[in-house]
$ cat final_14.cif   # mmCIF, C-alpha atoms and all ligand atoms
data_upload
#
loop_
_atom_site.label_atom_id
_atom_site.label_comp_id
_atom_site.auth_asym_id
_atom_site.auth_seq_id
_atom_site.Cartn_x
_atom_site.Cartn_y
_atom_site.Cartn_z
CA MET A 65 -31.61 -0.56 -13.94
CA THR A 66 -29.37 -2.91 -11.95
CA SER A 67 -28.98 -2.12 -8.26
CA ASN A 68 -25.81 -2.71 -6.25
CA GLU A 69 -27.71 -5.49 -4.44
CA GLN A 70 -28.55 -7.22 -7.73
CA ALA A 71 -24.97 -6.86 -8.98
CA ALA A 72 -23.59 -8.28 -5.71
CA ALA A 73 -26.03 -11.22 -5.72
CA ARG A 74 -25.10 -12.07 -9.29
CA ALA A 75 -21.39 -11.84 -8.43
CA ARG A 76 -21.77 -14.03 -5.33
CA ALA A 77 -23.21 -16.82 -7.48
CA VAL A 78 -19.99 -17.13 -9.48
CA ILE A 79 -17.19 -15.40 -7.52
CA PRO A 80 -16.27 -16.44 -3.93
CA GLY A 81 -17.91 -13.87 -1.68
CA GLY A 82 -18.73 -11.88 -4.81
CA VAL A 83 -15.29 -10.24 -4.75
CA ASN A 84 -11.83 -10.76 -6.20
CA SER A 85 -10.10 -9.28 -3.15
CA PRO A 86 -11.56 -9.68 0.36
CA VAL A 87 -11.71 -6.10 1.69
CA ARG A 88 -14.02 -5.16 -1.18
CA ALA A 89 -16.72 -7.32 0.45
CA PHE A 90 -17.68 -4.74 3.12
CA GLY A 91 -17.14 -7.57 5.65
CA SER A 92 -16.42 -5.32 8.62
CA VAL A 93 -18.86 -2.50 7.79
CA GLY A 94 -21.77 -4.62 6.54
CA GLY A 95 -24.15 -3.72 3.75
CA THR A 96 -23.76 -4.17 0.02
CA PRO A 97 -20.52 -3.33 -1.75
CA LEU A 98 -20.74 -0.81 -4.57
CA SER A 99 -20.45 -2.24 -8.04
CA ILE A 100 -18.38 0.33 -9.90
CA VAL A 101 -18.77 0.93 -13.62
CA SER A 102 -16.49 3.92 -14.17
CA ALA A 103 -14.30 6.46 -12.46
CA SER A 104 -12.97 9.87 -13.35
CA GLY A 105 -10.85 12.32 -11.37
CA ALA A 106 -11.92 12.21 -7.73
CA THR A 107 -15.13 10.26 -8.28
CA VAL A 108 -16.34 6.72 -8.90
CA ARG A 109 -19.76 5.81 -10.41
CA ASP A 110 -21.75 2.76 -9.36
CA VAL A 111 -24.11 0.59 -11.44
CA THR A 112 -27.06 2.81 -10.57
CA GLY A 113 -25.27 5.82 -12.07
CA ARG A 114 -24.62 7.48 -8.71
CA ASP A 115 -21.30 9.30 -8.27
CA TYR A 116 -19.25 9.22 -5.05
CA VAL A 117 -16.24 11.25 -4.05
CA ASP A 118 -13.68 8.46 -3.75
CA LEU A 119 -11.18 8.12 -0.91
CA VAL A 120 -10.02 4.64 -1.92
CA ALA A 121 -8.18 5.60 -5.13
CA SER A 122 -7.98 1.94 -6.13
CA TRP A 123 -6.20 1.39 -2.77
CA GLY A 124 -3.46 3.79 -3.71
CA PRO A 125 -2.54 3.68 -7.39
CA ALA A 126 -4.73 6.60 -8.53
CA LEU A 127 -2.33 9.30 -7.35
CA LEU A 128 -3.32 11.62 -10.21
CA GLY A 129 -7.02 10.79 -9.87
CA HIS A 130 -8.92 8.23 -11.89
CA ALA A 131 -8.56 7.95 -15.66
CA HIS A 132 -6.13 10.82 -16.07
CA PRO A 133 -6.44 11.67 -19.80
CA GLU A 134 -2.69 11.47 -20.49
CA VAL A 135 -2.36 8.12 -18.74
CA VAL A 136 -5.38 6.74 -20.58
CA ALA A 137 -3.98 8.00 -23.90
CA ALA A 138 -0.61 6.37 -23.19
CA VAL A 139 -2.34 3.05 -22.50
CA GLN A 140 -4.51 3.35 -25.61
CA GLN A 141 -1.47 4.04 -27.77
CA ALA A 142 0.38 1.11 -26.24
CA ALA A 143 -2.64 -1.15 -26.76
CA ALA A 144 -2.74 -0.26 -30.44
CA ARG A 145 0.86 -1.49 -30.73
CA GLY A 146 0.07 -4.88 -29.17
CA LEU A 147 -1.04 -6.12 -25.77
CA SER A 148 1.86 -8.33 -24.79
CA PHE A 149 4.95 -9.66 -26.52
CA GLY A 150 6.67 -11.95 -24.04
CA ALA A 151 9.89 -10.16 -24.95
CA SER A 152 11.84 -7.16 -23.75
CA THR A 153 10.61 -3.67 -24.67
CA PRO A 154 12.25 -0.23 -24.64
CA GLY A 155 9.48 0.94 -22.29
CA GLU A 156 10.59 -1.42 -19.52
CA THR A 157 14.06 0.09 -19.59
CA GLU A 158 12.63 3.61 -19.63
CA LEU A 159 10.49 2.87 -16.57
CA ALA A 160 13.44 1.30 -14.72
CA GLU A 161 15.57 4.37 -15.53
CA LEU A 162 12.82 6.69 -14.32
CA VAL A 163 12.53 4.87 -11.00
CA ILE A 164 16.28 4.68 -10.49
CA ASP A 165 16.62 8.42 -11.28
CA ARG A 166 13.99 9.29 -8.70
CA LEU A 167 15.88 7.46 -6.01
CA GLN A 168 19.27 9.06 -6.56
CA THR A 169 20.29 11.12 -3.58
CA GLY A 170 23.58 12.46 -4.84
CA ARG A 171 25.51 10.07 -2.58
CA ARG A 172 25.46 6.68 -4.26
CA ALA A 173 22.95 4.74 -6.25
CA GLU A 174 20.47 3.33 -3.74
CA ILE A 175 18.88 1.30 -6.47
CA GLU A 176 20.97 0.11 -9.38
CA ARG A 177 18.68 -2.54 -10.85
CA LEU A 178 14.93 -2.97 -11.05
CA ARG A 179 12.97 -6.10 -11.95
CA LEU A 180 9.34 -5.59 -13.00
CA VAL A 181 6.59 -7.94 -11.85
CA SER A 182 2.80 -7.65 -11.89
CA THR A 183 1.75 -7.41 -8.23
CA GLY A 184 3.10 -6.20 -4.92
CA THR A 185 2.73 -9.78 -3.64
CA GLU A 186 5.20 -11.00 -6.25
CA ALA A 187 7.57 -8.14 -5.46
CA THR A 188 7.81 -8.91 -1.73
CA MET A 189 7.85 -12.68 -2.34
CA THR A 190 10.79 -12.24 -4.71
CA ALA A 191 12.56 -9.86 -2.33
CA ILE A 192 12.36 -12.50 0.41
CA ARG A 193 13.69 -15.18 -1.93
CA LEU A 194 16.54 -12.90 -2.97
CA ALA A 195 17.40 -12.15 0.65
CA ARG A 196 17.45 -15.86 1.44
CA GLY A 197 19.52 -16.58 -1.66
CA ALA A 198 21.98 -13.81 -0.83
CA THR A 199 22.45 -14.74 2.83
CA GLY A 200 21.95 -18.50 2.75
CA ARG A 201 19.58 -18.09 5.72
CA ASP A 202 15.88 -18.96 6.07
CA VAL A 203 14.21 -16.93 8.84
CA ILE A 204 12.58 -13.56 8.23
CA ILE A 205 11.25 -10.86 10.55
CA LYS A 206 8.03 -9.03 9.80
CA PHE A 207 5.92 -6.71 11.93
CA ALA A 208 2.43 -7.31 13.28
CA GLY A 209 -0.15 -5.34 11.31
CA HIS A 210 2.11 -4.89 8.30
CA TYR A 211 0.82 -6.29 5.03
CA HIS A 212 3.16 -7.44 2.30
CA GLY A 213 0.73 -9.30 0.05
CA HIS A 214 -0.60 -12.82 0.29
CA SER A 215 2.40 -15.12 -0.16
CA ASP A 216 2.63 -17.97 2.36
CA GLY A 217 5.38 -16.63 4.58
CA LEU A 218 4.01 -13.10 4.92
CA LEU A 219 0.41 -13.55 6.09
CA ALA A 220 1.04 -14.06 9.81
CA GLU A 221 -0.57 -11.25 11.85
CA SER A 222 -0.92 -9.37 8.65
CA GLY A 223 -2.68 -6.09 8.05
CA SER A 224 -5.19 -5.17 5.32
CA GLY A 225 -7.98 -7.75 4.78
CA VAL A 226 -6.45 -10.17 7.30
CA ALA A 227 -6.78 -7.46 9.96
CA THR A 228 -10.22 -6.40 8.72
CA LEU A 229 -11.50 -9.97 9.02
CA GLY A 230 -9.75 -10.40 12.39
CA LEU A 231 -7.74 -13.41 11.21
CA PRO A 232 -4.43 -14.55 12.76
CA GLY A 233 -3.12 -15.58 9.35
CA SER A 234 -4.38 -17.97 6.70
CA ALA A 235 -5.39 -21.62 6.50
CA GLY A 236 -3.35 -23.48 3.91
CA VAL A 237 0.01 -22.09 4.98
CA PRO A 238 2.23 -25.04 6.01
CA ALA A 239 3.42 -24.73 9.61
CA ASP A 240 7.00 -25.22 8.45
CA ILE A 241 6.75 -22.12 6.29
CA ALA A 242 4.90 -20.01 8.87
CA GLY A 243 7.56 -21.08 11.38
CA LEU A 244 10.23 -19.29 9.36
CA THR A 245 8.51 -15.92 9.93
CA LEU A 246 9.08 -14.13 13.23
CA VAL A 247 6.32 -11.58 13.84
CA LEU A 248 7.35 -8.69 16.09
CA PRO A 249 5.56 -5.65 17.47
CA TYR A 250 6.19 -2.58 15.33
CA ASN A 251 8.30 0.28 16.67
CA ASP A 252 9.76 -2.06 19.29
CA ARG A 253 13.57 -1.97 19.17
CA ALA A 254 14.03 -4.37 22.07
CA ALA A 255 11.91 -7.02 20.30
CA VAL A 256 14.11 -6.77 17.19
CA GLU A 257 17.31 -7.09 19.20
CA ALA A 258 15.88 -10.03 21.15
CA ALA A 259 14.91 -11.83 17.93
CA PHE A 260 18.45 -11.58 16.56
CA ALA A 261 19.84 -12.73 19.89
CA ALA A 262 17.50 -15.72 19.95
CA HIS A 263 18.23 -16.82 16.35
CA PRO A 264 21.93 -16.19 15.77
CA GLY A 265 23.01 -16.62 12.15
CA ARG A 266 19.53 -17.66 11.01
CA ILE A 267 17.76 -14.41 10.07
CA ALA A 268 17.97 -13.55 6.37
CA ALA A 269 16.06 -10.27 6.42
CA ILE A 270 13.78 -7.83 8.12
CA ILE A 271 10.88 -6.74 5.93
CA ALA A 272 8.89 -3.66 6.94
CA GLU A 273 6.41 -1.32 5.34
CA ALA A 274 8.25 1.97 4.90
CA ALA A 275 5.47 3.48 6.98
CA GLY A 276 2.80 1.06 8.11
CA ALA A 277 -0.51 1.77 6.40
CA ASN A 278 -2.39 -1.52 6.44
CA ALA A 279 -3.65 -1.58 10.04
CA GLY A 280 -4.64 2.00 9.77
CA VAL A 281 -1.57 4.19 9.55
CA LEU A 282 1.28 3.10 11.85
CA ALA A 283 4.01 5.65 11.29
CA PRO A 284 7.52 4.55 12.20
CA ASP A 285 9.02 6.24 15.24
CA GLU A 286 11.75 8.65 14.24
CA GLY A 287 14.88 6.67 13.47
CA PHE A 288 13.13 3.28 13.52
CA ASN A 289 13.82 2.45 9.86
CA ALA A 290 17.47 3.45 10.26
CA PHE A 291 17.65 1.27 13.38
CA LEU A 292 16.26 -1.68 11.40
CA VAL A 293 18.91 -1.27 8.70
CA ASP A 294 21.73 -1.00 11.24
CA THR A 295 20.52 -3.93 13.31
CA ALA A 296 20.00 -6.17 10.29
CA HIS A 297 23.47 -5.34 8.97
CA ALA A 298 25.10 -5.85 12.37
CA HIS A 299 23.83 -9.42 12.22
CA GLY A 300 24.60 -10.15 8.58
CA ALA A 301 20.96 -9.81 7.51
CA LEU A 302 19.33 -7.60 4.88
CA PHE A 303 16.66 -4.93 5.19
CA ILE A 304 13.75 -5.04 2.73
CA LEU A 305 11.82 -1.80 2.53
CA ASP A 306 8.25 -2.36 1.32
CA GLU A 307 7.20 0.80 -0.50
CA VAL A 308 4.39 -0.89 -2.45
CA LEU A 309 1.89 1.47 -0.86
CA THR A 310 4.02 4.49 0.02
CA GLY A 311 6.32 4.50 -3.02
CA PHE A 312 5.67 7.48 -5.33
CA ARG A 313 2.53 8.23 -3.28
CA VAL A 314 3.83 10.11 -0.25
CA GLY A 315 6.56 11.81 -2.27
CA SER A 316 8.60 11.53 -5.45
CA ALA A 317 11.07 9.15 -3.77
CA GLY A 318 8.52 7.50 -1.48
CA TRP A 319 8.68 7.36 2.29
CA TRP A 320 12.41 6.69 2.08
CA GLY A 321 12.79 10.02 0.24
CA LEU A 322 10.86 11.86 2.94
CA GLU A 323 13.15 10.44 5.61
CA GLN A 324 16.22 11.42 3.58
CA GLN A 325 14.86 14.97 3.26
CA ALA A 326 14.39 15.00 7.01
CA GLY A 327 18.10 14.23 7.43
CA GLN A 328 17.87 10.51 8.15
CA ARG A 329 20.64 8.61 6.43
CA TRP A 330 19.98 4.98 5.73
CA THR A 331 19.87 2.68 2.74
CA PRO A 332 17.67 -0.37 2.32
CA ASP A 333 19.16 -3.43 0.64
CA LEU A 334 16.03 -4.17 -1.37
CA VAL A 335 12.96 -2.05 -2.06
CA THR A 336 9.57 -3.16 -3.35
CA PHE A 337 7.19 -0.95 -5.30
CA GLY A 338 3.62 -1.40 -6.53
CA LYS A 339 0.41 0.57 -6.92
CA VAL A 340 1.42 4.08 -8.16
CA ILE A 341 4.31 2.68 -10.21
CA GLY A 342 1.72 1.04 -12.47
CA GLY A 343 -0.66 3.98 -12.56
CA GLY A 344 -3.66 1.68 -12.05
CA MET A 345 -2.41 -1.20 -14.20
CA PRO A 346 -0.94 -4.45 -12.79
CA LEU A 347 2.70 -3.57 -12.27
CA ALA A 348 5.13 -3.76 -9.37
CA ALA A 349 8.89 -3.99 -8.95
CA ILE A 350 11.83 -5.05 -6.82
CA GLY A 351 14.92 -2.87 -6.75
CA GLY A 352 18.29 -2.92 -5.09
CA ARG A 353 22.04 -2.87 -5.46
CA ALA A 354 23.45 -4.70 -8.46
CA GLU A 355 25.37 -7.18 -6.28
CA ILE A 356 22.07 -8.48 -4.82
CA MET A 357 19.74 -7.96 -7.79
CA ASP A 358 22.12 -9.73 -10.17
CA LEU A 359 21.57 -12.90 -8.17
CA LEU A 360 18.26 -13.13 -10.05
CA ALA A 361 17.95 -15.45 -13.03
CA PRO A 362 19.23 -15.36 -15.75
CA LEU A 363 22.44 -14.00 -14.16
CA GLY A 364 22.23 -15.74 -10.83
CA PRO A 365 20.74 -18.73 -9.02
CA VAL A 366 17.58 -17.07 -7.57
CA TYR A 367 14.67 -17.86 -9.88
CA GLN A 368 11.88 -15.44 -10.71
CA ALA A 369 9.80 -15.02 -13.87
CA GLY A 370 6.45 -13.85 -15.28
CA THR A 371 4.58 -14.24 -18.57
CA LEU A 372 3.12 -10.75 -18.26
CA SER A 373 5.98 -9.12 -16.32
CA GLY A 374 6.72 -5.68 -17.75
CA ASN A 375 3.47 -5.77 -19.71
CA PRO A 376 3.62 -2.93 -22.25
CA LEU A 377 0.24 -1.41 -21.31
CA ALA A 378 1.13 -1.41 -17.61
CA VAL A 379 4.55 0.03 -18.35
CA ALA A 380 2.99 2.79 -20.47
CA ALA A 381 0.63 3.69 -17.60
CA GLY A 382 3.53 3.66 -15.15
CA ILE A 383 5.77 5.88 -17.26
CA ALA A 384 2.97 8.39 -17.90
CA THR A 385 2.04 8.46 -14.21
CA LEU A 386 5.58 8.95 -12.94
CA ARG A 387 6.27 11.65 -15.54
CA LEU A 388 3.14 13.53 -14.44
CA ALA A 389 3.79 13.08 -10.70
CA ASP A 390 5.75 16.28 -10.16
CA ALA A 391 6.21 18.41 -7.06
CA GLU A 392 2.90 20.18 -7.68
CA VAL A 393 1.02 16.85 -7.65
CA TYR A 394 2.51 15.95 -4.28
CA ARG A 395 1.76 19.42 -2.96
CA ARG A 396 -1.89 19.05 -3.99
CA VAL A 397 -2.24 15.55 -2.53
CA ASP A 398 -0.63 16.67 0.75
CA ALA A 399 -2.90 19.73 0.96
CA ALA A 400 -6.02 17.67 0.20
CA ALA A 401 -5.02 15.09 2.84
CA SER A 402 -4.52 17.82 5.44
CA ALA A 403 -7.88 19.38 4.57
CA VAL A 404 -9.74 16.07 4.95
CA ALA A 405 -7.85 14.98 8.07
CA ASP A 406 -8.50 18.35 9.71
CA ALA A 407 -12.18 18.28 8.79
CA ALA A 408 -12.56 14.72 10.10
CA HIS A 409 -10.90 15.71 13.36
CA ALA A 410 -13.11 18.78 13.73
CA ALA A 411 -16.31 16.83 13.02
CA LEU A 412 -15.49 14.04 15.49
CA ALA A 413 -14.31 16.49 18.15
CA ALA A 414 -17.55 18.45 17.80
CA GLU A 415 -19.47 15.26 18.59
CA GLY A 416 -17.15 14.33 21.45
CA VAL A 417 -16.08 11.09 19.79
CA ALA A 418 -12.72 9.86 21.14
CA HIS A 419 -10.40 9.52 18.18
CA THR A 420 -6.87 9.95 16.96
CA ILE A 421 -5.70 10.67 13.44
CA SER A 422 -2.59 8.72 12.50
CA ARG A 423 -0.63 10.28 9.72
CA ALA A 424 2.34 9.31 7.53
CA GLY A 425 2.86 11.94 4.84
CA SER A 426 -0.35 12.22 2.83
CA LEU A 427 -1.61 8.90 4.21
CA PHE A 428 -3.82 9.01 7.26
CA SER A 429 -6.48 7.02 9.07
CA ILE A 430 -8.83 7.52 11.98
CA ALA A 431 -8.68 5.30 15.04
CA PHE A 432 -11.52 5.51 17.53
CA ARG A 433 -9.33 5.88 20.63
CA ALA A 434 -7.82 8.92 22.28
CA ASP A 435 -4.23 7.68 22.49
CA PRO A 436 -1.77 7.58 19.60
CA VAL A 437 -1.39 4.39 17.57
CA ARG A 438 2.16 3.01 17.31
CA THR A 439 1.57 -0.73 17.11
CA TYR A 440 -0.97 -3.21 15.77
CA ALA A 441 -2.05 -3.90 19.36
CA ASP A 442 -2.84 -0.17 19.70
CA ALA A 443 -4.78 -0.22 16.42
CA LYS A 444 -6.89 -3.14 17.64
CA ALA A 445 -7.56 -1.45 21.00
CA GLN A 446 -10.11 1.04 19.69
CA GLU A 447 -13.87 1.34 19.41
CA ALA A 448 -13.73 -0.09 15.90
CA TRP A 449 -17.51 -0.61 15.87
CA ARG A 450 -17.93 3.13 15.44
CA TYR A 451 -16.51 2.91 11.94
CA ALA A 452 -19.47 1.07 10.33
CA PRO A 453 -22.07 3.80 11.05
CA PHE A 454 -19.47 6.46 10.19
CA PHE A 455 -18.66 4.74 6.89
CA HIS A 456 -22.32 4.23 5.90
CA ALA A 457 -23.25 7.81 6.73
CA MET A 458 -20.42 9.01 4.47
CA LEU A 459 -21.59 6.65 1.73
CA ALA A 460 -25.16 7.89 2.03
CA GLU A 461 -23.79 11.44 1.67
CA GLY A 462 -21.92 10.42 -1.47
CA VAL A 463 -18.39 9.83 -0.16
CA ALA A 464 -16.80 6.38 -0.55
CA LEU A 465 -14.31 5.61 2.23
CA PRO A 466 -12.20 2.44 2.50
CA PRO A 467 -14.62 -0.17 3.91
CA SER A 468 -12.44 -0.91 6.96
CA VAL A 469 -11.13 1.08 9.90
CA PHE A 470 -7.79 -0.70 9.29
CA GLU A 471 -7.15 1.02 5.97
CA ALA A 472 -5.65 4.39 5.12
CA TRP A 473 -7.66 7.06 3.30
CA PHE A 474 -6.26 7.94 -0.11
CA LEU A 475 -6.37 11.41 -1.60
CA THR A 476 -5.47 12.24 -5.19
CA ALA A 477 -4.32 15.29 -7.11
CA ALA A 478 -7.84 15.40 -8.57
CA HIS A 479 -9.46 16.13 -5.19
CA ASP A 480 -10.24 19.75 -5.98
CA GLU A 481 -12.15 22.24 -3.85
CA SER A 482 -15.55 20.91 -4.94
CA ALA A 483 -14.61 17.33 -3.98
CA LEU A 484 -13.22 18.55 -0.66
CA GLU A 485 -16.40 20.54 -0.05
CA ARG A 486 -18.52 17.42 -0.51
CA ILE A 487 -16.32 15.57 1.98
CA ARG A 488 -16.47 18.45 4.47
CA ALA A 489 -20.27 18.53 4.19
CA ALA A 490 -20.56 14.78 4.82
CA LEU A 491 -18.21 14.49 7.79
CA PRO A 492 -20.44 16.09 10.46
CA VAL A 493 -23.27 13.71 9.51
CA ALA A 494 -20.89 10.76 9.80
CA ALA A 495 -19.50 12.01 13.11
CA THR A 496 -23.03 12.13 14.50
CA ALA A 497 -23.59 8.57 13.34
CA ALA A 498 -20.31 7.47 14.96
CA ALA A 499 -21.26 9.15 18.23
CA SER A 500 -24.49 7.22 18.71
N1 LIG B 601 2.91 -4.45 0.31
C1 LIG B 601 2.14 -3.45 0.78
C2 LIG B 601 2.73 -2.47 1.75
C3 LIG B 601 0.81 -3.34 0.38
O1 LIG B 601 0.05 -2.34 0.87
C4 LIG B 601 0.28 -4.29 -0.53
C5 LIG B 601 -1.13 -4.21 -0.96
O2 LIG B 601 -1.94 -3.52 -0.41
C6 LIG B 601 1.11 -5.31 -1.00
C7 LIG B 601 2.42 -5.36 -0.56
C8 LIG B 601 0.60 -6.33 -1.95
O3 LIG B 601 0.39 -5.76 -3.21
P1 LIG B 601 -0.64 -6.43 -4.23
O4 LIG B 601 -2.01 -6.24 -3.68
O5 LIG B 601 -0.39 -5.70 -5.52
O6 LIG B 601 -0.25 -7.88 -4.35
#

$ encode --input "final_14.cif" --output "structure tokens" --more "lines below"
Ligand code: PLP
Amino acid sequence: MTSNEQAAARARAVIPGGVNSPVRAFGSVGGTPLSIVSASGATVRDVTGRDYVDLVASWGPALLGHAHPEVVAAVQQAAARGLSFGASTPGETELAELVIDRLQTGRRAEIERLRLVSTGTEATMTAIRLARGATGRDVIIKFAGHYHGHSDGLLAESGSGVATLGLPGSAGVPADIAGLTLVLPYNDRAAVEAAFAAHPGRIAAIIAEAAGANAGVLAPDEGFNAFLVDTAHAHGALFILDEVLTGFRVGSAGWWGLEQQAGQRWTPDLVTFGKVIGGGMPLAAIGGRAEIMDLLAPLGPVYQAGTLSGNPLAVAAGIATLRLADAEVYRRVDAAASAVADAAHAALAAEGVAHTISRAGSLFSIAFRADPVRTYADAKAQEAWRYAPFFHAMLAEGVALPPSVFEAWFLTAAHDESALERIRAALPVAATAAAS
């Protein structure tokens, strides 16, 4: 039987670092990454045949749990009709209608048009290009610790793997391009106002994760998103809401929907989706008002394209997932997240380990510091070294956590009582490991 070590060694010989996305490499926790052969419900199975309760959920997409039978059947049926046509399909329209319906608030259409792409990186890259095309300006604002994919202009002080590896950005990004991105501390209104004052008439857009979840969870202060919209508009700039991670995961209308329910009233100019919208297949999207979205080719001058955009298998998975993601699914995911977050807190408190649990809807992460985490600087100012022993103790107990303290934990609707029980049993062992 192949071991994870053998699988990793074989992969390293032909794939850079043995992985096709850096955080999978266990760089910050050490040890050998699992080589996964299958997944079902709340569990993943490695090459040795061992099952783990999974809290990665494919980094978000598996809202319903892995390999939901109805999603798999939808993909199989689509596959039997052909893998890709390079032409429009009725399914693309159906998915766009579904998304637009979910974001109606009864006031006005927040999103009138949706363009499908294959990755969240493409979605945010296109949103930036659209904002520049619409405003005729070049500079963008992003926040430290927020991750918007790996396009050139968005890697500076980025979250996710860039944070995990402790990098300031990426080699290979021309200074002229990096220079068009202003990186500001999150939740800092004065910094946003100062940036607009310092660059009058030059800022095309602010892009922000709807709730930060790529440097651990960095929830927006109450009213911060609304402030960003108002400030951008006051200066003739646009606001791009990145819901690639939060969209359709924290609620049926994403983080934006949660804020609307809480009485906040604000409207982004462009929204990006990914992950859950494709139900585990490569699919993402950009949405917005018609007046901006219709600037895209073929109607307008902003170019964007994709051979596999709106791929019929991905669209089938997305439609099936969104149709199944009803209020009960979100209730179950929320309840499972609360159960795990509470158990993690209790286990760490029992061992006297200083920690804080940052939460944004059903997304949460642990930071090994007593004080709350509001900014990337806060997230970095923790005893991050405690995470590796914590992570490996959980893994040894059969629970697979994200292999970085800078990532959120992902629950699914398939995390039933038996899965939660296995997590609850493992946490005290991990807390002891973190304490030493
Ligand atoms: N935006 C956010 C908020 C994300 O979390 C991610 C990925 O984690 C992306 C964009 C990039 O998406 P993708 O990995 O599909 O390119």

$ closest_residue --input "final_14.cif" --among "A:Gly155, A:Ala403, A:Ala498, A:Ala464" --to "A:Ser99" --atoms "only C-alpha atoms"
A:Ala464

$ residues_near_ligand --input "final_14.cif" --ligand "ligand LIG 601 (chain B)" --cutoff "8 Å" --atoms "only C-alpha atoms and all ligand atoms" --output "tab-separated table (two decimals) with C-alpha atoms, keeping the file's coordinate frame"
chain	number	residue	atom	x	y	z
A	123	TRP	CA	-6.20	1.39	-2.77
A	182	SER	CA	2.80	-7.65	-11.89
A	183	THR	CA	1.75	-7.41	-8.23
A	184	GLY	CA	3.10	-6.20	-4.92
A	185	THR	CA	2.73	-9.78	-3.64
A	186	GLU	CA	5.20	-11.00	-6.25
A	187	ALA	CA	7.57	-8.14	-5.46
A	188	THR	CA	7.81	-8.91	-1.73
A	210	HIS	CA	2.11	-4.89	8.30
A	211	TYR	CA	0.82	-6.29	5.03
A	212	HIS	CA	3.16	-7.44	2.30
A	213	GLY	CA	0.73	-9.30	0.05
A	214	HIS	CA	-0.60	-12.82	0.29
A	224	SER	CA	-5.19	-5.17	5.32
A	273	GLU	CA	6.41	-1.32	5.34
A	274	ALA	CA	8.25	1.97	4.90
A	276	GLY	CA	2.80	1.06	8.11
A	277	ALA	CA	-0.51	1.77	6.40
A	278	ASN	CA	-2.39	-1.52	6.44
A	306	ASP	CA	8.25	-2.36	1.32
A	307	GLU	CA	7.20	0.80	-0.50
A	308	VAL	CA	4.39	-0.89	-2.45
A	309	LEU	CA	1.89	1.47	-0.86
A	310	THR	CA	4.02	4.49	0.02
A	336	THR	CA	9.57	-3.16	-3.35
A	337	PHE	CA	7.19	-0.95	-5.30
A	338	GLY	CA	3.62	-1.40	-6.53
A	339	LYS	CA	0.41	0.57	-6.92
A	346	PRO	CA	-0.94	-4.45	-12.79
A	347	LEU	CA	2.70	-3.57	-12.27
A	348	ALA	CA	5.13	-3.76	-9.37

$ residues_around --input "final_14.cif" --residues "stretch 219-223 of chain A" --least-positions-apart "2" --cutoff "8 Å" --atoms "only C-alpha atoms" --output "NGL selection string"
:A and (207-217 or 225-228 or 231-234 or 242 or 245 or 247 or 278-279 or 470)

$ atom_distance --input "final_14.cif" --atom1 "atom CA of A:Leu119" --atom2 "atom CA of A:Leu167"
27.5 Å

$ atom_distance --input "final_14.cif" --atom1 "atom CA of A:Gly105" --atom2 "atom CA of A:Thr476"
8.2 Å

$ closest_residue --input "final_14.cif" --among "A:Ser482, A:Thr96, A:Thr153, A:Ser122" --to "A:Val108" --atoms "only C-alpha atoms"
A:Ser122

$ closest_residue --input "final_14.cif" --among "A:Leu388, A:Val437, A:Leu162, A:Leu194" --to "A:Asp333" --atoms "all atoms listed in the file"
A:Leu194

$ residues_around --input "final_14.cif" --residues "A:Phe455" --least-positions-apart "2" --cutoff "8 Å" --atoms "all atoms listed in the file" --output "PyMOL selection string"
chain A and resi 93+451-453+457-459+464-465+467+494

$ write_last_selection --input "final_14.cif" --atoms "C-alpha atoms" --output "PDB file, in the coordinates of the input"
ATOM      1  CA  VAL A  93     -18.860  -2.500   7.790  1.00  0.00           C
ATOM      2  CA  TYR A 451     -16.510   2.910  11.940  1.00  0.00           C
ATOM      3  CA  ALA A 452     -19.470   1.070  10.330  1.00  0.00           C
ATOM      4  CA  PRO A 453     -22.070   3.800  11.050  1.00  0.00           C
ATOM      5  CA  ALA A 457     -23.250   7.810   6.730  1.00  0.00           C
ATOM      6  CA  MET A 458     -20.420   9.010   4.470  1.00  0.00           C
ATOM      7  CA  LEU A 459     -21.590   6.650   1.730  1.00  0.00           C
ATOM      8  CA  ALA A 464     -16.800   6.380  -0.550  1.00  0.00           C
ATOM      9  CA  LEU A 465     -14.310   5.610   2.230  1.00  0.00           C
ATOM     10  CA  PRO A 467     -14.620  -0.170   3.910  1.00  0.00           C
ATOM     11  CA  ALA A 494     -20.890  10.760   9.800  1.00  0.00           C
TER      12      ALA A 494
END

$ axis_aligned_box --input "final_14.cif" --around "stretch 179-198 of chain A" --padding-each-side "5 Å" --output "lines of an AutoDock Vina configuration file"
center_x = 11.9
center_y = -11.1
center_z = -5.8
size_x = 30.2
size_y = 21.0
size_z = 24.4

$ residues_around --input "final_14.cif" --residues "A:Leu246" --least-positions-apart "3" --cutoff "7 Å" --atoms "all atoms listed in the file" --output "VMD selection string"
chain A and resid 204 to 206

$ residues_around --input "final_14.cif" --residues "stretch 65-72 of chain A" --least-positions-apart "3" --cutoff "12 Å" --atoms "only C-alpha atoms" --output "PyMOL selection string"
chain A and resi 75-83+88-90+95-101+109-114

$ atom_distance --input "final_14.cif" --atom1 "atom CA of A:Arg266" --atom2 "atom CA of A:Ala198"
12.7 Å

$ residues_near_point --input "final_14.cif" --point "(-7.6, 9.3, 16.2)" --cutoff "7 Å" --atoms "all atoms listed in the file" --output "NGL selection string"
:A and (419-422 or 430-434 or 436)

$ closest_residue --input "final_14.cif" --among "A:Pro86, A:Arg193, A:Ala254, A:Asp165" --to "A:Leu360" --atoms "all atoms listed in the file"
A:Arg193

$ decode --input "final_14.cif" --residues "stretch 363-367 of chain A" --atoms "C-alpha atoms" --output "compact mmCIF listing (two decimals), in the first residue's frame"
# COMPACT_ATOMS: atom_id res chain seq x y z
CA LEU A 363 -20.95 44.81 -25.59
CA GLY A 364 -18.25 47.08 -24.27
CA PRO A 365 -14.52 47.82 -24.42
CA VAL A 366 -13.36 45.80 -21.36
CA TYR A 367 -12.06 42.46 -22.58
